[in-house]
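Colleague: Following this line is my_file-v9.tsv, made up of TSV, C-alpha atoms:
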```
chain	number	residue	atom	x	y	z
A	1	MET	CA	17.07	-14.76	23.88
A	2	ARG	CA	17.19	-16.89	20.73
A	3	LYS	CA	16.21	-15.98	17.20
A	4	LEU	CA	13.46	-18.10	15.72
A	5	THR	CA	14.41	-20.45	12.90
A	6	MET	CA	12.77	-20.28	9.48
A	7	ASP	CA	10.68	-23.35	10.37
A	8	GLU	CA	9.50	-21.75	13.61
A	9	LEU	CA	8.34	-18.63	11.73
A	10	ASN	CA	5.71	-20.73	9.88
A	11	ARG	CA	6.18	-18.86	6.63
A	12	LYS	CA	3.59	-19.52	3.95
A	13	SER	CA	4.43	-21.13	0.65
A	14	VAL	CA	3.54	-19.17	-2.51
A	15	GLU	CA	0.49	-21.40	-2.93
A	16	ALA	CA	-0.61	-20.93	0.70
A	17	PHE	CA	-0.12	-17.17	0.40
A	18	LYS	CA	-2.24	-16.96	-2.74
A	19	ALA	CA	-5.00	-19.04	-1.10
A	20	SER	CA	-5.03	-16.96	2.12
A	21	ASP	CA	-7.75	-14.47	3.00
A	22	LYS	CA	-6.32	-11.06	2.19
A	23	THR	CA	-6.63	-7.72	3.92
A	24	PRO	CA	-9.13	-5.88	1.65
A	25	VAL	CA	-6.67	-3.13	0.80
A	26	ILE	CA	-4.93	-2.26	-2.46
A	27	ALA	CA	-1.83	-0.09	-2.44
A	28	VAL	CA	-1.79	2.21	-5.47
A	29	LEU	CA	1.56	3.73	-6.47
A	30	ASP	CA	1.09	7.04	-8.31
A	31	ASN	CA	4.21	7.70	-10.42
A	32	VAL	CA	6.65	6.41	-7.82
A	33	ARG	CA	10.09	6.54	-9.43
A	34	SER	CA	12.31	4.45	-7.13
A	35	MET	CA	12.50	0.72	-7.80
A	36	HIS	CA	13.63	0.23	-4.22
A	37	ASN	CA	10.46	1.93	-2.96
A	38	VAL	CA	8.35	-0.24	-5.27
A	39	GLY	CA	10.07	-3.41	-4.01
A	40	SER	CA	9.61	-2.30	-0.42
A	41	VAL	CA	5.86	-1.77	-0.92
A	42	PHE	CA	5.60	-5.28	-2.40
A	43	ARG	CA	7.41	-6.72	0.61
A	44	THR	CA	5.15	-4.84	3.03
A	45	ALA	CA	2.06	-5.94	1.08
A	46	ASP	CA	3.22	-9.54	1.43
A	47	ALA	CA	3.92	-9.16	5.15
A	48	PHE	CA	0.39	-7.89	5.86
A	49	LEU	CA	-1.45	-10.07	3.28
A	50	ILE	CA	-2.60	-7.00	1.37
A	51	GLU	CA	-4.90	-7.79	-1.55
A	52	GLY	CA	-2.69	-6.19	-4.18
A	53	VAL	CA	-0.45	-3.45	-5.49
A	54	TYR	CA	-1.40	-1.29	-8.48
A	55	LEU	CA	1.48	0.36	-10.32
A	56	CYS	CA	0.58	3.51	-12.26
A	57	GLY	CA	2.20	5.85	-14.73
A	58	TYR	CA	5.97	5.68	-14.79
A	59	THR	CA	6.14	3.53	-11.65
A	60	PRO	CA	8.56	0.71	-12.54
A	61	LYS	CA	7.13	-2.81	-12.78
A	62	PRO	CA	8.51	-6.27	-12.16
A	63	PRO	CA	10.50	-8.11	-13.18
A	64	HIS	CA	13.53	-5.97	-12.46
A	65	ARG	CA	16.52	-6.82	-10.28
A	66	ASP	CA	16.34	-3.49	-8.41
A	67	ILE	CA	12.72	-4.16	-7.45
A	68	GLN	CA	13.59	-7.73	-6.49
A	69	LYS	CA	16.47	-6.50	-4.32
A	70	THR	CA	13.99	-5.11	-1.79
A	71	ALA	CA	10.89	-7.19	-2.62
A	72	LEU	CA	12.74	-10.46	-1.88
A	73	GLY	CA	10.26	-12.49	-3.93
A	74	ALA	CA	7.09	-10.64	-2.91
A	75	THR	CA	6.38	-9.82	-6.56
A	76	GLU	CA	5.71	-13.56	-6.94
A	77	THR	CA	3.15	-13.66	-4.12
A	78	VAL	CA	1.39	-10.29	-4.16
A	79	HIS	CA	-1.16	-9.71	-6.93
A	80	TRP	CA	-0.26	-6.64	-8.99
A	81	LYS	CA	-1.55	-4.74	-12.00
A	82	TYR	CA	-0.19	-1.94	-14.13
A	83	TYR	CA	-2.19	1.10	-15.34
A	84	ASN	CA	-1.08	3.83	-17.72
A	85	THR	CA	-2.57	6.42	-15.36
A	86	THR	CA	-3.56	6.49	-11.72
A	87	THR	CA	-6.92	7.97	-12.77
A	88	GLU	CA	-7.62	4.80	-14.76
A	89	ALA	CA	-6.80	2.63	-11.73
A	90	VAL	CA	-8.95	4.74	-9.39
A	91	GLN	CA	-11.92	4.65	-11.75
A	92	GLU	CA	-11.74	0.85	-11.94
A	93	LEU	CA	-11.37	0.54	-8.17
A	94	LYS	CA	-14.39	2.80	-7.56
A	95	ALA	CA	-16.45	0.80	-10.05
A	96	THR	CA	-15.68	-2.38	-8.10
A	97	GLY	CA	-16.63	-0.97	-4.70
A	98	TYR	CA	-13.39	0.33	-3.24
A	99	ARG	CA	-13.23	3.41	-1.08
A	100	ILE	CA	-10.29	5.54	-2.26
A	101	TRP	CA	-7.87	7.19	0.16
A	102	ALA	CA	-4.75	9.18	-0.68
A	103	VAL	CA	-1.89	9.44	1.77
A	104	GLU	CA	-1.35	13.18	1.59
A	105	GLN	CA	-1.24	16.32	3.70
A	106	VAL	CA	-4.31	18.31	2.64
A	107	GLU	CA	-7.01	20.43	4.24
A	108	GLY	CA	-9.45	18.09	5.96
A	109	SER	CA	-7.18	15.04	5.98
A	110	ILE	CA	-7.81	12.45	8.68
A	111	LEU	CA	-4.87	11.70	10.94
A	112	LEU	CA	-3.91	8.06	10.65
A	113	ASP	CA	-4.30	7.47	14.38
A	114	LYS	CA	-7.93	8.67	14.06
A	115	ILE	CA	-8.85	6.22	11.28
A	116	SER	CA	-11.45	3.81	12.56
A	117	THR	CA	-14.31	1.65	11.47
A	118	LEU	CA	-16.29	4.88	11.04
A	119	HIS	CA	-14.06	5.63	8.06
A	120	LEU	CA	-13.55	1.97	7.09
A	121	PRO	CA	-16.84	0.10	7.49
A	122	GLU	CA	-16.44	-3.65	8.03
A	123	LYS	CA	-17.61	-4.81	4.60
A	124	GLU	CA	-15.82	-2.08	2.69
A	125	LYS	CA	-12.67	-2.43	0.62
A	126	ALA	CA	-10.06	0.31	0.55
A	127	ALA	CA	-7.47	1.51	-1.92
A	128	VAL	CA	-4.66	3.69	-0.61
A	129	ILE	CA	-2.71	5.90	-2.99
A	130	PHE	CA	0.94	6.65	-2.30
A	131	GLY	CA	2.35	9.46	-4.42
A	132	ASN	CA	5.55	10.43	-6.12
A	133	GLU	CA	8.57	10.89	-3.84
A	134	VAL	CA	8.81	14.63	-4.61
A	135	SER	CA	5.38	15.86	-5.69
A	136	GLY	CA	3.11	13.46	-3.79
A	137	VAL	CA	-0.28	12.34	-5.09
A	138	ASP	CA	-1.26	14.13	-8.30
A	139	ALA	CA	-3.84	16.92	-7.78
A	140	GLU	CA	-6.19	15.44	-10.40
A	141	VAL	CA	-6.10	12.09	-8.59
A	142	LEU	CA	-6.86	13.79	-5.26
A	143	LYS	CA	-10.13	15.05	-6.74
A	144	LEU	CA	-11.24	11.42	-7.22
A	145	CYS	CA	-10.50	10.36	-3.64
A	146	ASP	CA	-13.05	9.79	-0.89
A	147	GLY	CA	-10.61	11.25	1.61
A	148	CYS	CA	-6.99	11.69	2.59
A	149	ILE	CA	-5.01	10.06	5.35
A	150	GLU	CA	-2.20	11.98	6.99
A	151	ILE	CA	0.53	10.40	9.11
A	152	PRO	CA	0.99	12.55	12.24
A	153	GLN	CA	4.52	13.96	12.39
A	154	MET	CA	6.03	16.05	15.14
A	155	GLY	CA	9.54	16.91	13.99
A	156	MET	CA	10.99	19.49	11.65
A	157	LYS	CA	10.55	17.30	8.57
A	158	HIS	CA	6.98	16.66	7.54
A	159	SER	CA	7.45	13.95	5.01
A	160	LEU	CA	8.47	10.30	5.02
A	161	ASN	CA	9.97	8.08	2.38
A	162	ILE	CA	7.16	6.26	0.56
A	163	SER	CA	8.41	2.87	1.75
A	164	VAL	CA	8.21	4.04	5.37
A	165	ALA	CA	4.81	5.69	4.86
A	166	ALA	CA	3.46	2.54	3.20
A	167	GLY	CA	4.66	0.39	6.08
A	168	ILE	CA	2.99	2.63	8.64
A	169	VAL	CA	-0.31	3.07	6.78
A	170	LEU	CA	-0.67	-0.53	5.62
A	171	TRP	CA	-0.03	-1.81	9.15
A	172	GLU	CA	-2.64	0.53	10.62
A	173	LEU	CA	-5.21	-0.50	8.01
A	174	THR	CA	-4.39	-4.16	8.58
A	175	LYS	CA	-5.08	-3.66	12.27
A	176	GLU	CA	-8.42	-2.02	11.49
A	177	PHE	CA	-9.53	-4.70	9.05
A	178	LYS	CA	-8.05	-7.89	10.51
A	179	LEU	CA	-7.25	-7.48	14.16
A	180	LYS	CA	-10.47	-5.98	15.53
```
Could the structure of this file be written out as structure tokens, please?

Modeller:
Amino acid sequence: MRKLTMDELNRKSVEAFKASDKTPVIAVLDNVRSMHNVGSVFRTADAFLIEGVYLCGYTPKPPHRDIQKTALGATETVHWKYYNTTTEAVQELKATGYRIWAVEQVEGSILLDKISTLHLPEKEKAAVIFGNEVSGVDAEVLKLCDGCIEIPQMGMKHSLNISVAAGIVLWELTKEFKLK
């Protein structure tokens, strides 16, 4: 077995990335405090050609070396916006035709492995809210959501680091939107 070279990986230039068709998903970070988590979400958004990342509340914003440490340049490719509140971001997203999903364990949540085109119609755009590392998605923001996605978990712990949760959820949504 041989590792592929950088040339063999066919990585996009910044210009090619920006011109590419994006997965119609926006990752919304609701008061995420860790710069490493923010950088990781940017890197995941780049990997799956996600439309953008919205940073809300006290979520740190680029440029910052601790975000760059994990983003590895993805803040230069992925479109991002900052909002004072997550409510403000959600209201704008709804007004522009996005369906809003929170990643949270609530009554009536849909398990991620059950998400399908029934929940994500072909022409629809989705925004996915990832909450604070300790308190999750704010209760007032949950009231504005069209639904909640829950990552099935079988062990003793029933929570994942936001960077891990974002990787799992954004990959599953990418499969639903792009690979079917």

Colleague: Counting all atoms listed in the file, select every polymer residue within 12 Å of (3.5, 5.0, -11.6) as defined in the file's coordinates, and provide the selection as a PyMOL selection string.

Modeller: chain A and resi 27-35+37-38+53-61+81-89+129-133+136-138

Colleague: I'd like the box whose edges run along x, y and z of the file and which contains every listed atom of region 79-93 of chain A, padded by 6 Å per side; could you state its centre and edge lengths in Å, one decimal, as lines of an AutoDock Vina configuration file?

Modeller:
```
center_x = -6.1
center_y = -0.9
center_z = -12.3
size_x = 23.7
size_y = 29.7
size_z = 22.8
```

Colleague: For CA of Glu92 (chain A) and CA of Asp46 (chain A), determine how far apart the two atoms are, in Å to one decimal place.

Modeller: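 Separation of CA of Glu92 (chain A) and CA of Asp46 (chain A): 22.6 Å.
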
Colleague: Would you mind listing, for every residue of region 39-79 of chain A within 9 Å of region 1-20 of chain A, the two atoms forming the shortest contact and the distance between them in Å to one decimal, using only C-alpha atoms, sorted by chain and ascending residue number, as a Markdown table?

Modeller:
```
| residue | atom | partner | partner_atom | distance |
| --- | --- | --- | --- | --- |
| A:Asp46 | CA | A:Phe17 | CA | 8.4 |
| A:Leu49 | CA | A:Phe17 | CA | 7.8 |
| A:Glu76 | CA | A:Val14 | CA | 7.5 |
| A:Thr77 | CA | A:Val14 | CA | 5.8 |
| A:Val78 | CA | A:Lys18 | CA | 7.7 |
| A:His79 | CA | A:Lys18 | CA | 8.4 |
```

Colleague: Go through region 88-148 of chain A and flag each residue having an atom no more than 12 Å from region 162-174 of chain A; for those, report the closest pair of atoms plus their distance in Å to one decimal, using all atoms listed in the file, ordered by chain and rising number, as CSV.

Modeller:
```
residue,atom,partner,partner_atom,distance
A:Trp101,CA,A:Val169,CA,10.9
A:Ala102,CA,A:Val169,CA,10.6
A:Val103,CA,A:Val169,CA,8.3
A:Glu104,CA,A:Ala165,CA,10.2
A:Leu111,CA,A:Val169,CA,10.6
A:Leu112,CA,A:Val169,CA,7.3
A:Asp113,CA,A:Glu172,CA,8.1
A:Lys114,CA,A:Glu172,CA,10.3
A:Ile115,CA,A:Leu173,CA,8.3
A:Ser116,CA,A:Leu173,CA,8.8
A:Thr117,CA,A:Leu173,CA,10.0
A:His119,CA,A:Leu173,CA,10.8
A:Leu120,CA,A:Leu173,CA,8.7
A:Pro121,CA,A:Leu173,CA,11.7
A:Glu122,CA,A:Leu173,CA,11.7
A:Glu124,CA,A:Leu173,CA,12.0
A:Lys125,CA,A:Leu173,CA,10.7
A:Ala126,CA,A:Leu173,CA,8.9
A:Ala127,CA,A:Leu170,CA,10.4
A:Val128,CA,A:Leu170,CA,8.5
A:Ile129,CA,A:Ala166,CA,9.4
A:Phe130,CA,A:Ile162,CA,6.9
A:Gly131,CA,A:Ile162,CA,7.6
A:Asn132,CA,A:Ile162,CA,8.0
A:Glu133,CA,A:Ile162,CA,6.5
A:Val134,CA,A:Ile162,CA,10.0
A:Ser135,CA,A:Ile162,CA,11.6
A:Gly136,CA,A:Ile162,CA,9.3
A:Val137,CA,A:Ile162,CA,11.1
A:Cys148,CA,A:Val169,CA,11.7
```

Colleague: Counting all atoms listed in the file, which of A:Gln105, A:Gln91, A:Thr96, A:Thr23 gets nearest to Glu51 (chain A)?

Modeller: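 For Glu51 (chain A), the nearest of the candidates is A:Thr23.
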
Colleague: Between CA of Gly73 (chain A) and CA of Phe42 (chain A), measure the distance and give it in Å to one decimal.

Modeller: 8.7 Å

Colleague: Kindly indicate which residue among A:Met154, A:Val106, A:Val90, A:Leu72 lies nearest to Ser40 (chain A), using all atoms listed in the file for the distances.

Modeller: A:Leu72

Colleague: Of the residues A:Cys145, A:Met156, A:Ala95, A:Phe177, which is the one nearest to Asp21 (chain A), using only C-alpha atoms?

Modeller: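 Nearest to Asp21 (chain A): A:Phe177.
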
Colleague: Between CA of Ala139 (chain A) and CA of Ile50 (chain A), what is the distance in Å, rounded to a tenth?

Modeller: 25.6 Å

Colleague: Take region 50-65 of chain A, model N, CA and C atoms, and hand the result over as an mmCIF file, in the coordinates of the input.

Modeller:
```cif
data_model
loop_
_atom_site.group_PDB
_atom_site.id
_atom_site.type_symbol
_atom_site.label_atom_id
_atom_site.label_comp_id
_atom_site.auth_asym_id
_atom_site.auth_seq_id
_atom_site.Cartn_x
_atom_site.Cartn_y
_atom_site.Cartn_z
ATOM 1 N N ILE A 50 -1.824 -8.005 2.074
ATOM 2 C CA ILE A 50 -2.600 -7.000 1.370
ATOM 3 C C ILE A 50 -3.094 -7.606 0.052
ATOM 4 N N GLU A 51 -4.276 -7.227 -0.351
ATOM 5 C CA GLU A 51 -4.900 -7.790 -1.550
ATOM 6 C C GLU A 51 -4.087 -7.578 -2.826
ATOM 7 N N GLY A 52 -3.456 -6.410 -2.964
ATOM 8 C CA GLY A 52 -2.690 -6.190 -4.180
ATOM 9 C C GLY A 52 -1.991 -4.852 -4.208
ATOM 10 N N VAL A 53 -1.170 -4.685 -5.247
ATOM 11 C CA VAL A 53 -0.450 -3.450 -5.490
ATOM 12 C C VAL A 53 -0.726 -3.043 -6.940
ATOM 13 N N TYR A 54 -1.162 -1.805 -7.137
ATOM 14 C CA TYR A 54 -1.400 -1.290 -8.480
ATOM 15 C C TYR A 54 -0.305 -0.270 -8.788
ATOM 16 N N LEU A 55 0.377 -0.489 -9.888
ATOM 17 C CA LEU A 55 1.480 0.360 -10.320
ATOM 18 C C LEU A 55 0.964 1.266 -11.443
ATOM 19 N N CYS A 56 1.173 2.565 -11.307
ATOM 20 C CA CYS A 56 0.580 3.510 -12.260
ATOM 21 C C CYS A 56 1.599 4.480 -12.822
ATOM 22 N N GLY A 57 1.344 4.859 -14.082
ATOM 23 C CA GLY A 57 2.200 5.850 -14.730
ATOM 24 C C GLY A 57 3.595 5.320 -14.955
ATOM 25 N N TYR A 58 4.579 6.106 -14.574
ATOM 26 C CA TYR A 58 5.970 5.680 -14.790
ATOM 27 C C TYR A 58 6.541 4.873 -13.624
ATOM 28 N N THR A 59 5.685 4.429 -12.710
ATOM 29 C CA THR A 59 6.140 3.530 -11.650
ATOM 30 C C THR A 59 6.734 2.281 -12.300
ATOM 31 N N PRO A 60 7.963 1.899 -11.928
ATOM 32 C CA PRO A 60 8.560 0.710 -12.540
ATOM 33 C C PRO A 60 7.798 -0.557 -12.151
ATOM 34 N N LYS A 61 7.840 -1.557 -13.028
ATOM 35 C CA LYS A 61 7.130 -2.810 -12.780
ATOM 36 C C LYS A 61 8.090 -3.996 -12.815
ATOM 37 N N PRO A 62 7.717 -5.045 -12.102
ATOM 38 C CA PRO A 62 8.510 -6.270 -12.160
ATOM 39 C C PRO A 62 8.402 -6.884 -13.554
ATOM 40 N N PRO A 63 9.305 -7.731 -13.938
ATOM 41 C CA PRO A 63 10.500 -8.110 -13.180
ATOM 42 C C PRO A 63 11.640 -7.127 -13.418
ATOM 43 N N HIS A 64 12.332 -6.786 -12.369
ATOM 44 C CA HIS A 64 13.530 -5.970 -12.460
ATOM 45 C C HIS A 64 14.370 -6.264 -11.213
ATOM 46 N N ARG A 65 15.660 -6.420 -11.407
ATOM 47 C CA ARG A 65 16.520 -6.820 -10.280
ATOM 48 C C ARG A 65 16.512 -5.791 -9.144
#
```
